[in-house]
file target_14.txt (compact mmCIF, C-alpha atoms)
# COMPACT_ATOMS: atom_id res chain seq x y z
CA MET A 1 56.68 87.41 -77.05
CA PRO A 2 57.86 86.11 -73.65
CA PHE A 3 58.59 82.42 -73.32
CA ILE A 4 56.07 80.92 -70.89
CA PRO A 5 56.65 77.17 -70.69
CA ASN A 6 53.51 76.28 -68.72
CA THR A 7 50.17 75.91 -70.51
CA ASP A 8 46.83 76.68 -68.86
CA ALA A 9 46.36 72.95 -68.31
CA ASP A 10 49.82 72.74 -66.67
CA ARG A 11 48.97 75.56 -64.27
CA GLU A 12 45.59 74.05 -63.37
CA ALA A 13 47.24 70.71 -62.64
CA MET A 14 49.87 72.33 -60.41
CA LEU A 15 47.27 74.40 -58.55
CA ALA A 16 45.17 71.28 -57.98
CA ALA A 17 48.22 69.45 -56.63
CA VAL A 18 48.78 72.10 -53.93
CA GLY A 19 45.05 72.56 -53.22
CA ALA A 20 44.62 76.09 -54.61
CA ARG A 21 41.83 77.18 -56.95
CA SER A 22 43.70 80.06 -58.57
CA VAL A 23 47.04 81.82 -58.71
CA GLU A 24 45.57 84.66 -56.66
CA GLU A 25 44.61 82.19 -53.92
CA LEU A 26 48.10 80.68 -54.03
CA PHE A 27 49.59 84.07 -53.11
CA SER A 28 46.80 85.16 -50.75
CA ASP A 29 49.11 85.00 -47.71
CA ILE A 30 51.06 87.94 -49.14
CA PRO A 31 49.26 91.24 -48.32
CA ALA A 32 47.80 92.76 -51.44
CA ASP A 33 49.73 96.02 -51.02
CA LYS A 34 52.99 94.08 -50.88
CA ARG A 35 52.55 91.99 -54.01
CA PHE A 36 53.47 94.65 -56.56
CA PRO A 37 55.23 97.41 -54.61
CA LYS A 38 56.41 100.54 -56.34
CA LEU A 39 60.16 100.25 -56.82
CA GLY A 40 60.83 103.96 -56.83
CA LEU A 41 63.15 103.73 -59.82
CA PRO A 42 64.24 106.94 -61.56
CA GLU A 43 63.22 107.78 -65.07
CA GLY A 44 64.93 105.73 -67.76
CA LEU A 45 68.17 106.97 -69.30
CA SER A 46 69.29 107.00 -72.89
CA GLU A 47 72.26 104.81 -73.81
CA LEU A 48 74.54 107.86 -73.92
CA GLU A 49 73.38 109.04 -70.49
CA ALA A 50 73.79 105.55 -69.02
CA LEU A 51 77.33 105.26 -70.37
CA ARG A 52 78.29 108.63 -68.90
CA GLU A 53 76.92 107.65 -65.50
CA ILE A 54 78.73 104.30 -65.53
CA GLU A 55 82.01 105.94 -66.59
CA ALA A 56 81.66 108.49 -63.78
CA MET A 57 81.23 105.69 -61.25
CA ALA A 58 84.12 103.71 -62.71
CA SER A 59 86.44 106.70 -62.51
CA ARG A 60 86.29 106.50 -58.70
CA ASN A 61 88.01 103.09 -58.72
CA GLU A 62 91.69 102.69 -57.95
CA VAL A 63 93.36 101.41 -61.14
CA ALA A 64 96.70 99.59 -61.00
CA SER A 65 97.84 100.94 -64.37
CA LYS A 66 97.36 104.55 -63.23
CA SER A 67 99.27 104.38 -59.97
CA ALA A 68 102.38 102.96 -58.35
CA TRP A 69 100.81 99.64 -57.37
CA PHE A 70 102.33 97.52 -54.60
CA LEU A 71 99.22 95.68 -53.44
CA GLY A 72 99.10 91.89 -53.74
CA ALA A 73 97.79 89.56 -51.04
CA GLY A 74 96.25 87.10 -53.47
CA ALA A 75 95.50 89.19 -56.57
CA TYR A 76 98.59 90.19 -58.52
CA ASN A 77 99.40 92.86 -61.07
CA HIS A 78 101.37 91.03 -63.78
CA PHE A 79 101.93 91.93 -67.42
CA ILE A 80 99.51 90.30 -69.86
CA PRO A 81 100.77 90.09 -73.47
CA ALA A 82 98.28 91.47 -76.01
CA ALA A 83 98.09 88.05 -77.67
CA VAL A 84 96.44 86.55 -74.58
CA PRO A 85 93.08 88.40 -74.63
CA ALA A 86 93.17 88.65 -78.43
CA LEU A 87 93.25 84.87 -78.88
CA ALA A 88 91.08 84.02 -75.87
CA SER A 89 88.32 86.37 -77.07
CA ARG A 90 87.94 84.74 -80.47
CA GLY A 91 84.39 83.65 -81.15
CA GLU A 92 85.35 79.98 -81.41
CA PHE A 93 86.37 80.02 -77.75
CA LEU A 94 83.78 82.44 -76.39
CA SER A 95 80.97 80.35 -77.86
CA ALA A 96 82.50 76.94 -77.10
CA TYR A 97 80.11 74.39 -75.61
CA THR A 98 80.89 72.10 -72.70
CA PRO A 99 83.47 69.54 -73.93
CA TYR A 100 81.46 66.42 -73.19
CA GLN A 101 80.81 65.90 -76.92
CA PRO A 102 84.29 65.47 -78.43
CA GLU A 103 83.00 65.43 -82.01
CA VAL A 104 82.11 69.12 -81.74
CA SER A 105 84.59 70.24 -79.06
CA GLN A 106 88.05 69.41 -80.36
CA GLY A 107 89.33 72.98 -80.07
CA THR A 108 88.31 73.36 -76.44
CA LEU A 109 89.54 69.88 -75.59
CA GLN A 110 92.93 70.51 -77.19
CA ALA A 111 93.29 73.79 -75.31
CA ILE A 112 92.55 72.01 -72.02
CA PHE A 113 95.02 69.25 -72.91
CA GLU A 114 97.77 71.78 -73.61
CA TYR A 115 96.98 73.66 -70.40
CA GLN A 116 97.13 70.45 -68.38
CA SER A 117 100.41 69.41 -70.02
CA MET A 118 102.15 72.71 -69.26
CA ALA A 119 100.73 73.04 -65.76
CA ALA A 120 101.75 69.47 -64.91
CA GLU A 121 105.34 70.22 -65.93
CA LEU A 122 105.26 73.46 -63.92
CA PHE A 123 103.93 71.69 -60.82
CA GLY A 124 106.15 68.64 -61.25
CA VAL A 125 103.22 66.20 -61.09
CA ASP A 126 101.70 63.58 -63.40
CA THR A 127 98.37 65.20 -64.15
CA VAL A 128 96.44 68.45 -63.76
CA ASN A 129 92.69 68.96 -63.99
CA ALA A 130 90.65 71.81 -65.44
CA SER A 131 89.72 73.33 -63.10
CA HIS A 132 88.38 75.08 -59.97
CA TYR A 133 86.90 78.44 -59.08
CA ASP A 134 90.09 79.81 -57.53
CA GLY A 135 93.16 78.86 -55.55
CA ALA A 136 91.27 78.69 -52.26
CA THR A 137 88.62 76.25 -53.50
CA ALA A 138 91.26 74.16 -55.24
CA LEU A 139 93.08 73.80 -51.92
CA ALA A 140 89.85 72.94 -50.11
CA GLU A 141 89.10 70.23 -52.68
CA ALA A 142 92.62 68.85 -52.23
CA VAL A 143 92.07 68.60 -48.48
CA ILE A 144 88.82 66.72 -49.07
CA MET A 145 90.69 64.35 -51.40
CA ALA A 146 93.11 63.66 -48.55
CA LEU A 147 90.26 63.03 -46.12
CA ASN A 148 88.62 60.59 -48.53
CA HIS A 149 91.96 58.86 -49.05
CA GLY A 150 92.71 58.54 -45.34
CA GLY A 151 89.24 57.48 -44.22
CA SER A 152 87.49 58.30 -40.95
CA GLY A 153 90.54 57.26 -38.93
CA ARG A 154 92.45 60.37 -40.04
CA PRO A 155 90.41 63.45 -39.07
CA ARG A 156 93.35 65.83 -38.53
CA ILE A 157 94.11 68.56 -41.09
CA MET A 158 97.26 70.60 -40.63
CA LEU A 159 97.42 74.08 -42.17
CA PRO A 160 100.33 76.52 -42.01
CA ALA A 161 99.66 79.43 -39.69
CA ALA A 162 100.88 81.77 -42.44
CA LEU A 163 98.43 80.48 -45.07
CA HIS A 164 96.31 83.22 -46.66
CA PRO A 165 93.53 83.97 -44.09
CA GLU A 166 90.85 83.76 -46.76
CA TYR A 167 92.15 80.35 -47.86
CA LYS A 168 91.81 79.19 -44.27
CA ASP A 169 88.24 80.44 -44.17
CA VAL A 170 87.36 78.63 -47.41
CA VAL A 171 88.92 75.36 -46.21
CA ARG A 172 87.06 75.57 -42.91
CA THR A 173 83.80 76.32 -44.73
CA TYR A 174 84.24 73.30 -47.00
CA LEU A 175 84.95 71.13 -43.95
CA ALA A 176 82.10 72.48 -41.81
CA ALA A 177 80.05 69.29 -42.21
CA PHE A 178 83.02 66.94 -41.70
CA PRO A 179 84.05 65.51 -38.29
CA VAL A 180 87.58 66.88 -38.60
CA GLU A 181 90.12 68.81 -36.58
CA VAL A 182 91.82 71.71 -38.34
CA GLU A 183 95.10 72.62 -36.67
CA GLU A 184 97.68 75.25 -37.56
CA TYR A 185 101.43 74.90 -37.32
CA ALA A 186 104.23 77.46 -37.44
CA GLY A 187 107.64 77.14 -39.06
CA GLU A 188 108.82 74.70 -41.70
CA PRO A 189 106.37 72.03 -42.93
CA ALA A 190 108.82 69.19 -42.23
CA ALA A 191 108.37 69.94 -38.52
CA ALA A 192 104.57 70.21 -38.63
CA GLY A 193 104.16 67.13 -36.41
CA ALA A 194 102.01 64.77 -38.47
CA ASP A 195 100.84 61.64 -36.65
CA ALA A 196 98.65 58.58 -37.25
CA ARG A 197 95.51 60.75 -37.09
CA THR A 198 96.71 63.24 -39.71
CA ALA A 199 95.11 63.13 -43.16
CA CYS A 200 97.32 65.79 -44.71
CA VAL A 201 99.93 68.44 -44.10
CA VAL A 202 99.46 71.60 -46.19
CA ALA A 203 102.34 73.90 -47.07
CA ALA A 204 102.19 77.40 -48.59
CA TYR A 205 104.90 78.05 -51.19
CA PRO A 206 105.37 80.98 -50.65
CA ASP A 207 103.18 81.77 -47.65
CA PHE A 208 100.83 84.72 -47.26
CA GLU A 209 103.70 86.96 -46.13
CA GLY A 210 105.83 86.08 -49.15
CA ARG A 211 108.28 83.81 -47.28
CA VAL A 212 109.63 80.88 -49.27
CA ARG A 213 109.42 77.91 -46.93
CA ASP A 214 111.86 75.02 -47.18
CA LEU A 215 109.88 72.03 -48.47
CA SER A 216 112.75 69.57 -48.21
CA GLY A 217 111.90 66.64 -45.96
CA ALA A 218 108.27 67.70 -45.59
CA ALA A 219 106.85 65.02 -47.89
CA GLU A 220 108.95 62.33 -46.21
CA ALA A 221 107.77 63.42 -42.75
CA ALA A 222 104.11 63.43 -43.81
CA HIS A 223 104.37 60.08 -45.60
CA ALA A 224 106.12 58.49 -42.61
CA ALA A 225 102.97 59.24 -40.62
CA GLY A 226 100.74 57.98 -43.43
CA ALA A 227 99.53 61.47 -44.36
CA LEU A 228 99.48 63.26 -47.71
CA PHE A 229 101.58 66.32 -48.45
CA ILE A 230 99.70 69.16 -50.19
CA VAL A 231 101.33 72.36 -51.47
CA SER A 232 99.56 75.62 -52.32
CA ALA A 233 101.97 77.38 -54.67
CA ASP A 234 102.52 80.56 -56.68
CA PRO A 235 102.78 79.42 -60.33
CA ILE A 236 104.99 82.36 -61.30
CA MET A 237 107.55 81.39 -58.65
CA LEU A 238 107.62 77.84 -60.02
CA GLY A 239 109.25 79.24 -63.15
CA LEU A 240 112.33 79.93 -60.98
CA LEU A 241 112.38 77.58 -57.99
CA LYS A 242 111.96 73.81 -57.59
CA SER A 243 108.50 72.44 -58.25
CA PRO A 244 106.52 70.99 -55.31
CA GLY A 245 106.15 67.70 -57.18
CA SER A 246 109.90 67.30 -57.43
CA MET A 247 110.02 67.56 -53.64
CA GLY A 248 107.44 64.86 -53.07
CA ALA A 249 104.11 66.69 -52.99
CA ASP A 250 101.11 64.42 -53.56
CA ILE A 251 98.77 67.24 -54.58
CA VAL A 252 99.68 70.75 -55.76
CA THR A 253 97.21 73.62 -55.97
CA ALA A 254 97.62 77.21 -57.12
CA GLU A 255 95.85 80.40 -58.01
CA GLY A 256 96.24 80.84 -61.76
CA GLN A 257 95.21 84.50 -61.94
CA SER A 258 98.87 85.51 -62.32
CA LEU A 259 99.08 83.54 -65.56
CA GLY A 260 97.55 85.95 -68.04
CA ASN A 261 94.39 86.87 -66.14
CA ALA A 262 93.66 90.40 -64.98
CA MET A 263 92.80 91.14 -61.36
CA ASN A 264 89.19 91.87 -62.37
CA TYR A 265 88.14 93.13 -58.93
CA GLY A 266 88.77 89.64 -57.55
CA GLY A 267 87.44 87.29 -60.22
CA PRO A 268 86.85 85.20 -62.12
CA PHE A 269 90.07 83.52 -61.09
CA LEU A 270 91.53 80.12 -61.93
CA GLY A 271 91.89 77.31 -59.43
CA MET A 272 94.66 74.93 -60.45
CA MET A 273 95.16 71.41 -59.12
CA GLY A 274 97.65 68.69 -59.99
CA ALA A 275 98.44 65.33 -58.44
CA THR A 276 100.54 62.23 -58.80
CA GLN A 277 99.23 59.35 -60.90
CA LYS A 278 98.00 57.60 -57.74
CA PHE A 279 95.24 60.17 -57.30
CA VAL A 280 94.28 60.80 -60.90
CA ARG A 281 90.88 59.09 -60.57
CA LYS A 282 90.15 60.87 -57.30
CA MET A 283 90.54 64.37 -58.67
CA PRO A 284 87.50 66.58 -59.17
CA GLY A 285 87.20 68.54 -62.40
CA ARG A 286 87.83 67.47 -65.96
CA ILE A 287 90.87 65.69 -67.37
CA VAL A 288 91.51 65.57 -71.12
CA GLY A 289 93.51 62.83 -72.78
CA GLN A 290 94.99 62.43 -76.26
CA ALA A 291 93.64 59.58 -78.37
CA ALA A 292 93.39 58.48 -81.99
CA ASP A 293 90.31 57.90 -84.12
CA HIS A 294 89.57 54.96 -86.45
CA ASP A 295 91.86 56.44 -89.11
CA GLY A 296 94.71 57.12 -86.68
CA ARG A 297 94.18 60.87 -86.54
CA ARG A 298 95.00 62.61 -83.26
CA GLY A 299 92.02 63.65 -81.17
CA PHE A 300 91.15 64.68 -77.63
CA VAL A 301 88.55 63.34 -75.20
CA LEU A 302 87.61 63.62 -71.56
CA THR A 303 89.18 60.69 -69.79
CA LEU A 304 89.70 58.82 -66.51
CA SER A 305 86.35 59.85 -65.07
CA ALA A 306 82.72 59.46 -66.10
CA ARG A 307 80.44 62.43 -66.53
CA GLU A 308 78.46 61.14 -63.56
CA GLN A 309 81.52 61.87 -61.44
CA HIS A 310 80.68 65.56 -61.76
CA ILE A 311 76.89 65.73 -61.83
CA ARG A 312 75.43 62.86 -59.78
CA ARG A 313 75.48 63.41 -56.05
CA GLU A 314 76.00 59.77 -55.14
CA LYS A 315 78.89 59.34 -57.57
CA ALA A 316 80.42 62.81 -57.59
CA VAL A 317 83.97 63.40 -56.47
CA SER A 318 82.95 67.02 -55.95
CA ASN A 319 79.60 68.75 -56.29
CA ILE A 320 81.23 72.18 -56.47
CA CYS A 321 83.54 72.00 -59.45
CA SER A 322 83.77 74.10 -62.56
CA ASN A 323 85.88 74.27 -65.67
CA GLN A 324 86.86 77.93 -65.64
CA GLY A 325 87.25 77.63 -69.39
CA LEU A 326 88.11 81.19 -70.39
CA ALA A 327 90.48 81.81 -67.46
CA MET A 328 92.13 78.46 -68.19
CA LEU A 329 92.47 79.39 -71.85
CA GLN A 330 94.13 82.71 -71.03
CA ALA A 331 96.60 80.88 -68.78
CA THR A 332 97.33 78.49 -71.66
CA VAL A 333 98.03 81.28 -74.16
CA TYR A 334 100.13 83.11 -71.56
CA LEU A 335 102.32 80.08 -70.84
CA GLU A 336 102.74 79.31 -74.54
CA ALA A 337 103.55 82.93 -75.36
CA LEU A 338 106.22 83.21 -72.66
CA GLY A 339 107.68 79.71 -72.78
CA LYS A 340 110.08 78.44 -70.13
CA GLY A 341 112.55 81.27 -70.63
CA GLY A 342 109.92 83.98 -70.47
CA LEU A 343 108.29 82.61 -67.33
CA ARG A 344 111.68 82.36 -65.63
CA ALA A 345 112.45 85.95 -66.65
CA VAL A 346 109.19 87.17 -65.07
CA ALA A 347 109.96 85.26 -61.86
CA GLU A 348 113.49 86.65 -61.74
CA LEU A 349 112.20 90.19 -62.19
CA CYS A 350 109.72 89.70 -59.34
CA TRP A 351 112.46 88.27 -57.12
CA ASN A 352 115.06 90.95 -57.88
CA LYS A 353 112.72 93.92 -57.78
CA ALA A 354 111.16 92.80 -54.49
CA HIS A 355 114.59 92.48 -52.90
CA TYR A 356 115.64 95.87 -54.29
CA ALA A 357 112.52 97.46 -52.80
CA ALA A 358 113.06 95.71 -49.47
CA GLY A 359 116.63 96.98 -49.34
CA LEU A 360 115.56 100.59 -49.87
CA ILE A 361 112.76 100.39 -47.31
CA ALA A 362 115.01 98.79 -44.69
CA GLU A 363 117.25 101.87 -44.85
CA ILE A 364 114.40 104.23 -43.87
CA PRO A 365 114.60 105.22 -40.18
CA GLY A 366 111.87 103.48 -38.19
CA PHE A 367 111.16 100.83 -40.83
CA ALA A 368 112.28 97.20 -40.84
CA VAL A 369 111.83 94.30 -43.23
CA ALA A 370 111.02 90.82 -41.94
CA ASP A 371 113.81 88.25 -42.11
CA GLY A 372 113.88 85.20 -44.37
CA GLU A 373 113.75 84.37 -48.06
CA TYR A 374 110.75 85.84 -49.83
CA PHE A 375 109.26 86.01 -53.28
CA LYS A 376 107.37 89.00 -54.64
CA GLU A 377 105.94 89.96 -51.23
CA PHE A 378 107.46 90.88 -47.88
CA VAL A 379 106.34 92.33 -44.57
CA VAL A 380 107.46 95.81 -43.53
CA LYS A 381 107.29 96.91 -39.91
CA THR A 382 106.21 100.55 -39.78
CA PRO A 383 106.75 103.24 -37.11
CA VAL A 384 103.13 104.42 -37.40
CA PRO A 385 99.96 102.42 -38.08
CA ALA A 386 100.18 100.86 -41.53
CA ALA A 387 96.52 101.62 -42.26
CA SER A 388 97.20 105.34 -41.91
CA ILE A 389 100.14 105.06 -44.33
CA VAL A 390 97.92 103.32 -46.89
CA GLU A 391 95.24 105.99 -46.49
CA LYS A 392 97.72 108.82 -47.00
CA LEU A 393 99.58 107.35 -49.95
CA GLU A 394 96.65 106.06 -51.98
CA ARG A 395 95.49 109.67 -52.29
CA ARG A 396 98.85 110.42 -53.92
CA GLY A 397 98.55 107.65 -56.46
CA VAL A 398 100.75 105.21 -54.52
CA MET A 399 99.16 101.96 -53.34
CA PRO A 400 101.84 100.86 -50.85
CA GLY A 401 100.44 97.45 -49.98
CA LEU A 402 98.09 95.79 -47.52
CA ALA A 403 97.85 96.81 -43.87
CA LEU A 404 97.95 93.44 -42.09
CA SER A 405 95.50 94.73 -39.48
CA ARG A 406 92.81 93.89 -42.04
CA TYR A 407 93.28 90.22 -41.16
CA TYR A 408 95.22 90.44 -37.88
CA PRO A 409 93.82 93.26 -35.67
CA ASP A 410 96.85 93.19 -33.36
CA ARG A 411 99.35 93.66 -36.22
CA THR A 412 98.68 97.37 -36.63
CA HIS A 413 102.23 98.36 -37.58
CA GLU A 414 102.88 95.91 -40.40
CA LEU A 415 102.48 96.38 -44.15
CA LEU A 416 102.53 93.62 -46.77
CA VAL A 417 104.27 94.99 -49.86
CA CYS A 418 104.11 93.29 -53.26
CA VAL A 419 106.53 93.97 -56.12
CA THR A 420 106.14 92.41 -59.57
CA GLU A 421 107.74 92.88 -62.97
CA MET A 422 105.24 95.70 -63.55
CA ASN A 423 106.90 97.99 -61.01
CA THR A 424 109.58 100.25 -62.45
CA ARG A 425 112.71 101.38 -60.60
CA GLU A 426 111.23 104.86 -60.43
CA GLN A 427 108.05 103.54 -58.82
CA ILE A 428 110.02 101.52 -56.26
CA GLU A 429 112.10 104.56 -55.32
CA LEU A 430 108.90 106.64 -55.15
CA LEU A 431 107.46 104.06 -52.74
CA ALA A 432 110.48 104.34 -50.46
CA ARG A 433 110.33 108.15 -50.42
CA SER A 434 106.57 108.10 -49.87
CA LEU A 435 106.79 105.70 -46.95
CA GLU A 436 109.35 107.91 -45.25
CA GLU A 437 107.21 111.02 -45.77
CA ALA A 438 104.02 109.29 -44.59
CA SER A 439 105.63 108.15 -41.36
CA VAL A 440 106.38 111.66 -40.17

call {"tool": "encode", "arguments": {"input": "target_14.txt", "output": "structure tokens"}}
result
Amino acid sequence: MPFIPNTDADREAMLAAVGARSVEELFSDIPADKRFPKLGLPEGLSELEALREIEAMASRNEVASKSAWFLGAGAYNHFIPAAVPALASRGEFLSAYTPYQPEVSQGTLQAIFEYQSMAAELFGVDTVNASHYDGATALAEAVIMALNHGGSGRPRIMLPAALHPEYKDVVRTYLAAFPVEVEEYAGEPAAAGADARTACVVAAYPDFEGRVRDLSGAAEAAHAAGALFIVSADPIMLGLLKSPGSMGADIVTAEGQSLGNAMNYGGPFLGMMGATQKFVRKMPGRIVGQAADHDGRRGFVLTLSAREQHIRREKAVSNICSNQGLAMLQATVYLEALGKGGLRAVAELCWNKAHYAAGLIAEIPGFAVADGEYFKEFVVKTPVPAASIVEKLERRGVMPGLALSRYYPDRTHELLVCVTEMNTREQIELLARSLEEASV
């Protein structure tokens, strides 16, 4: 029996309120032949037939595990230990309720607390929330935090020119209703040029093209102008290089997909955000703290913000904020499974393999690799249009990277290559040979 919440008396009262005598009269403006159109659906399939059809459609997808995969640009092919999905898919987590009631949510609350503790150490900040939709929305929320902190007298937002183009779009969309000026700067963030009208300076660490920017002096320069310093980071790289917090960042954001979450056709991803203690009550999302009950037993509760901060428009820090619980949990299991040494090993593999690949490609006649320090990704200048190289090689089972003309129409001869710990030496050497063959 379908659940129909409205009684006959309810419907009559609603119809009377809008001045209609019947449901038919309510919909009389819709032509009769348009009210229940034939959908033209095919005959129903059996379960077996439906599965075969779905599998046939799925087989047309490009799968990272079945090819030499060098595509990154925001979604990364990293190894996920079997323990990560095995633990995260347990019924206790899959069926967990929102953690507002601590008496029935201790498991979820403890998982969030452990995630926040590890992420805070990784970022080098005092606290981390849980969490945002993805890295782009986390960055946009951080920019709004800076605007709220600076007040109406600081309408200038400074973004790096080499920030991921989609992150720029998300930030601009979030700020569409704000009287702000979004400006882009090139080069190192310390020389961005913050002034008395600047709310924040954003740095990408690394940037969209894989370059590792020098963050030294950037926080001091921003703070001297009264602005905040925000860093959008790669969490895998933070297992190897200095944390943004240790270099003075006020707010750190990241895309957590690399931490134990599959690419999943682009989502769900995990937006990470951390900040210094000064901004802990200004952060959107949930923060879990450790407490003790009447008998002194350890317990976990949401802390430092009221529930109204998330659900009441007039009191909300953010009206678009979600605890990506399962993605956060997988990141937690991943970090605990690898530990500090394991995360550093993954980062070192990404660094060394990317530089090995860049060295091979730079030796190919007609190809050149962009200068500078880079992590995991680097730009290759190609003798023929990069889009044509991608089209040729993907048919051979080699996904060579992203043709930058997708985002920059004038950069037709540039390819963004991504190398992670998943790429074997044989695959890297295959990529080099394939690029040379495809350029002929």

call {"tool": "residues_around", "arguments": {"input": "target_14.txt", "residues": "A:Ile389", "least_positions_apart": "4", "cutoff": "7 Å", "atoms": "all atoms listed in the file", "output": "number ranges by chain"}}
result
A: 385, 393, 438-439

call {"tool": "write_last_selection", "arguments": {"input": "target_14.txt", "atoms": "C-alpha atoms", "output": "JSON list (two decimals), in the coordinates of the input"}}
result
[["chain", "number", "residue", "atom", "x", "y", "z"],
["A", 385, "PRO", "CA", 99.96, 102.42, -38.08],
["A", 393, "LEU", "CA", 99.58, 107.35, -49.95],
["A", 438, "ALA", "CA", 104.02, 109.29, -44.59],
["A", 439, "SER", "CA", 105.63, 108.15, -41.36]]

call {"tool": "residues_around", "arguments": {"input": "target_14.txt", "residues": "stretch 298-302 of chain A", "least_positions_apart": "3", "cutoff": "9 Å", "atoms": "only C-alpha atoms", "output": "list in words"}}
result
Pro99, Tyr100, Gln101, Pro102, Ser105, Gln106, Gly107, Leu109, Gln110, Phe113, Arg286, Ile287, Val288, Gly289, Gln290, Ala291, Ala292, Asp293, Ser305, Ala306 and Arg307 of chain A

call {"tool": "residues_around", "arguments": {"input": "target_14.txt", "residues": "stretch 191-206 of chain A", "least_positions_apart": "6", "cutoff": "8 Å", "atoms": "all atoms listed in the file", "output": "ChimeraX atom specification"}}
result
/A:143,146-147,149-150,153-160,162-163,185,212-213,215,218,221-222,225-234,374-375

call {"tool": "write_last_selection", "arguments": {"input": "target_14.txt", "atoms": "C-alpha atoms", "output": "compact mmCIF listing (two decimals), in the frame of the given file"}}
result
# COMPACT_ATOMS: atom_id res chain seq x y z
CA VAL A 143 92.07 68.60 -48.48
CA ALA A 146 93.11 63.66 -48.55
CA LEU A 147 90.26 63.03 -46.12
CA HIS A 149 91.96 58.86 -49.05
CA GLY A 150 92.71 58.54 -45.34
CA GLY A 153 90.54 57.26 -38.93
CA ARG A 154 92.45 60.37 -40.04
CA PRO A 155 90.41 63.45 -39.07
CA ARG A 156 93.35 65.83 -38.53
CA ILE A 157 94.11 68.56 -41.09
CA MET A 158 97.26 70.60 -40.63
CA LEU A 159 97.42 74.08 -42.17
CA PRO A 160 100.33 76.52 -42.01
CA ALA A 162 100.88 81.77 -42.44
CA LEU A 163 98.43 80.48 -45.07
CA TYR A 185 101.43 74.90 -37.32
CA VAL A 212 109.63 80.88 -49.27
CA ARG A 213 109.42 77.91 -46.93
CA LEU A 215 109.88 72.03 -48.47
CA ALA A 218 108.27 67.70 -45.59
CA ALA A 221 107.77 63.42 -42.75
CA ALA A 222 104.11 63.43 -43.81
CA ALA A 225 102.97 59.24 -40.62
CA GLY A 226 100.74 57.98 -43.43
CA ALA A 227 99.53 61.47 -44.36
CA LEU A 228 99.48 63.26 -47.71
CA PHE A 229 101.58 66.32 -48.45
CA ILE A 230 99.70 69.16 -50.19
CA VAL A 231 101.33 72.36 -51.47
CA SER A 232 99.56 75.62 -52.32
CA ALA A 233 101.97 77.38 -54.67
CA ASP A 234 102.52 80.56 -56.68
CA TYR A 374 110.75 85.84 -49.83
CA PHE A 375 109.26 86.01 -53.28

call {"tool": "residues_around", "arguments": {"input": "target_14.txt", "residues": "A:Tyr115", "least_positions_apart": "3", "cutoff": "8 Å", "atoms": "all atoms listed in the file", "output": "list in words"}}
result
Ala111, Ile112, Met118, Ala119, Met328, Leu329, Ala331 and Thr332 of chain A

call {"tool": "write_last_selection", "arguments": {"input": "target_14.txt", "atoms": "C-alpha atoms", "output": "mmCIF file, in the frame of the given file"}}
result
data_model
loop_
_atom_site.group_PDB
_atom_site.id
_atom_site.type_symbol
_atom_site.label_atom_id
_atom_site.label_comp_id
_atom_site.auth_asym_id
_atom_site.auth_seq_id
_atom_site.Cartn_x
_atom_site.Cartn_y
_atom_site.Cartn_z
ATOM 1 C CA ALA A 111 93.290 73.790 -75.310
ATOM 2 C CA ILE A 112 92.550 72.010 -72.020
ATOM 3 C CA MET A 118 102.150 72.710 -69.260
ATOM 4 C CA ALA A 119 100.730 73.040 -65.760
ATOM 5 C CA MET A 328 92.130 78.460 -68.190
ATOM 6 C CA LEU A 329 92.470 79.390 -71.850
ATOM 7 C CA ALA A 331 96.600 80.880 -68.780
ATOM 8 C CA THR A 332 97.330 78.490 -71.660
#

call {"tool": "residues_near_point", "arguments": {"input": "target_14.txt", "point": "(101.5, 105.1, -55.7)", "cutoff": "8 Å", "atoms": "only C-alpha atoms", "output": "ChimeraX atom specification"}}
result
/A:67-70,393-394,396-400,427,430-431

call {"tool": "residues_around", "arguments": {"input": "target_14.txt", "residues": "A:Val84", "least_positions_apart": "3", "cutoff": "7 Å", "atoms": "all atoms listed in the file", "output": "ChimeraX atom specification"}}
result
/A:80-81,87-88,260,330,333-334

call {"tool": "write_last_selection", "arguments": {"input": "target_14.txt", "atoms": "C-alpha atoms", "output": "mmCIF file, keeping the file's coordinate frame"}}
result
data_model
loop_
_atom_site.group_PDB
_atom_site.id
_atom_site.type_symbol
_atom_site.label_atom_id
_atom_site.label_comp_id
_atom_site.auth_asym_id
_atom_site.auth_seq_id
_atom_site.Cartn_x
_atom_site.Cartn_y
_atom_site.Cartn_z
ATOM 1 C CA ILE A 80 99.510 90.300 -69.860
ATOM 2 C CA PRO A 81 100.770 90.090 -73.470
ATOM 3 C CA LEU A 87 93.250 84.870 -78.880
ATOM 4 C CA ALA A 88 91.080 84.020 -75.870
ATOM 5 C CA GLY A 260 97.550 85.950 -68.040
ATOM 6 C CA GLN A 330 94.130 82.710 -71.030
ATOM 7 C CA VAL A 333 98.030 81.280 -74.160
ATOM 8 C CA TYR A 334 100.130 83.110 -71.560
#

call {"tool": "closest_residue", "arguments": {"input": "target_14.txt", "among": "A:Val390, A:Val252, A:Leu41, A:Val182", "to": "A:Met283", "atoms": "all atoms listed in the file"}}
result
A:Val252

call {"tool": "residues_near_point", "arguments": {"input": "target_14.txt", "point": "(100.0, 70.0, -57.7)", "cutoff": "8 Å", "atoms": "only C-alpha atoms", "output": "list in words"}}
result
Ala120, Phe123, Gly124, Val125, Val128, Ile230, Val231, Ser232, Pro244, Gly245, Ala249, Asp250, Ile251, Val252, Thr253, Ala254, Met272, Met273, Gly274, Ala275 and Thr276 of chain A

call {"tool": "atom_distance", "arguments": {"input": "target_14.txt", "atom1": "atom CA of A:Tyr265", "atom2": "atom CA of A:Glu43"}}
result
29.6 Å

call {"tool": "closest_residue", "arguments": {"input": "target_14.txt", "among": "A:Arg411, A:Arg60, A:Arg433, A:Lys376", "to": "A:Arg395", "atoms": "all atoms listed in the file"}}
result
A:Arg60
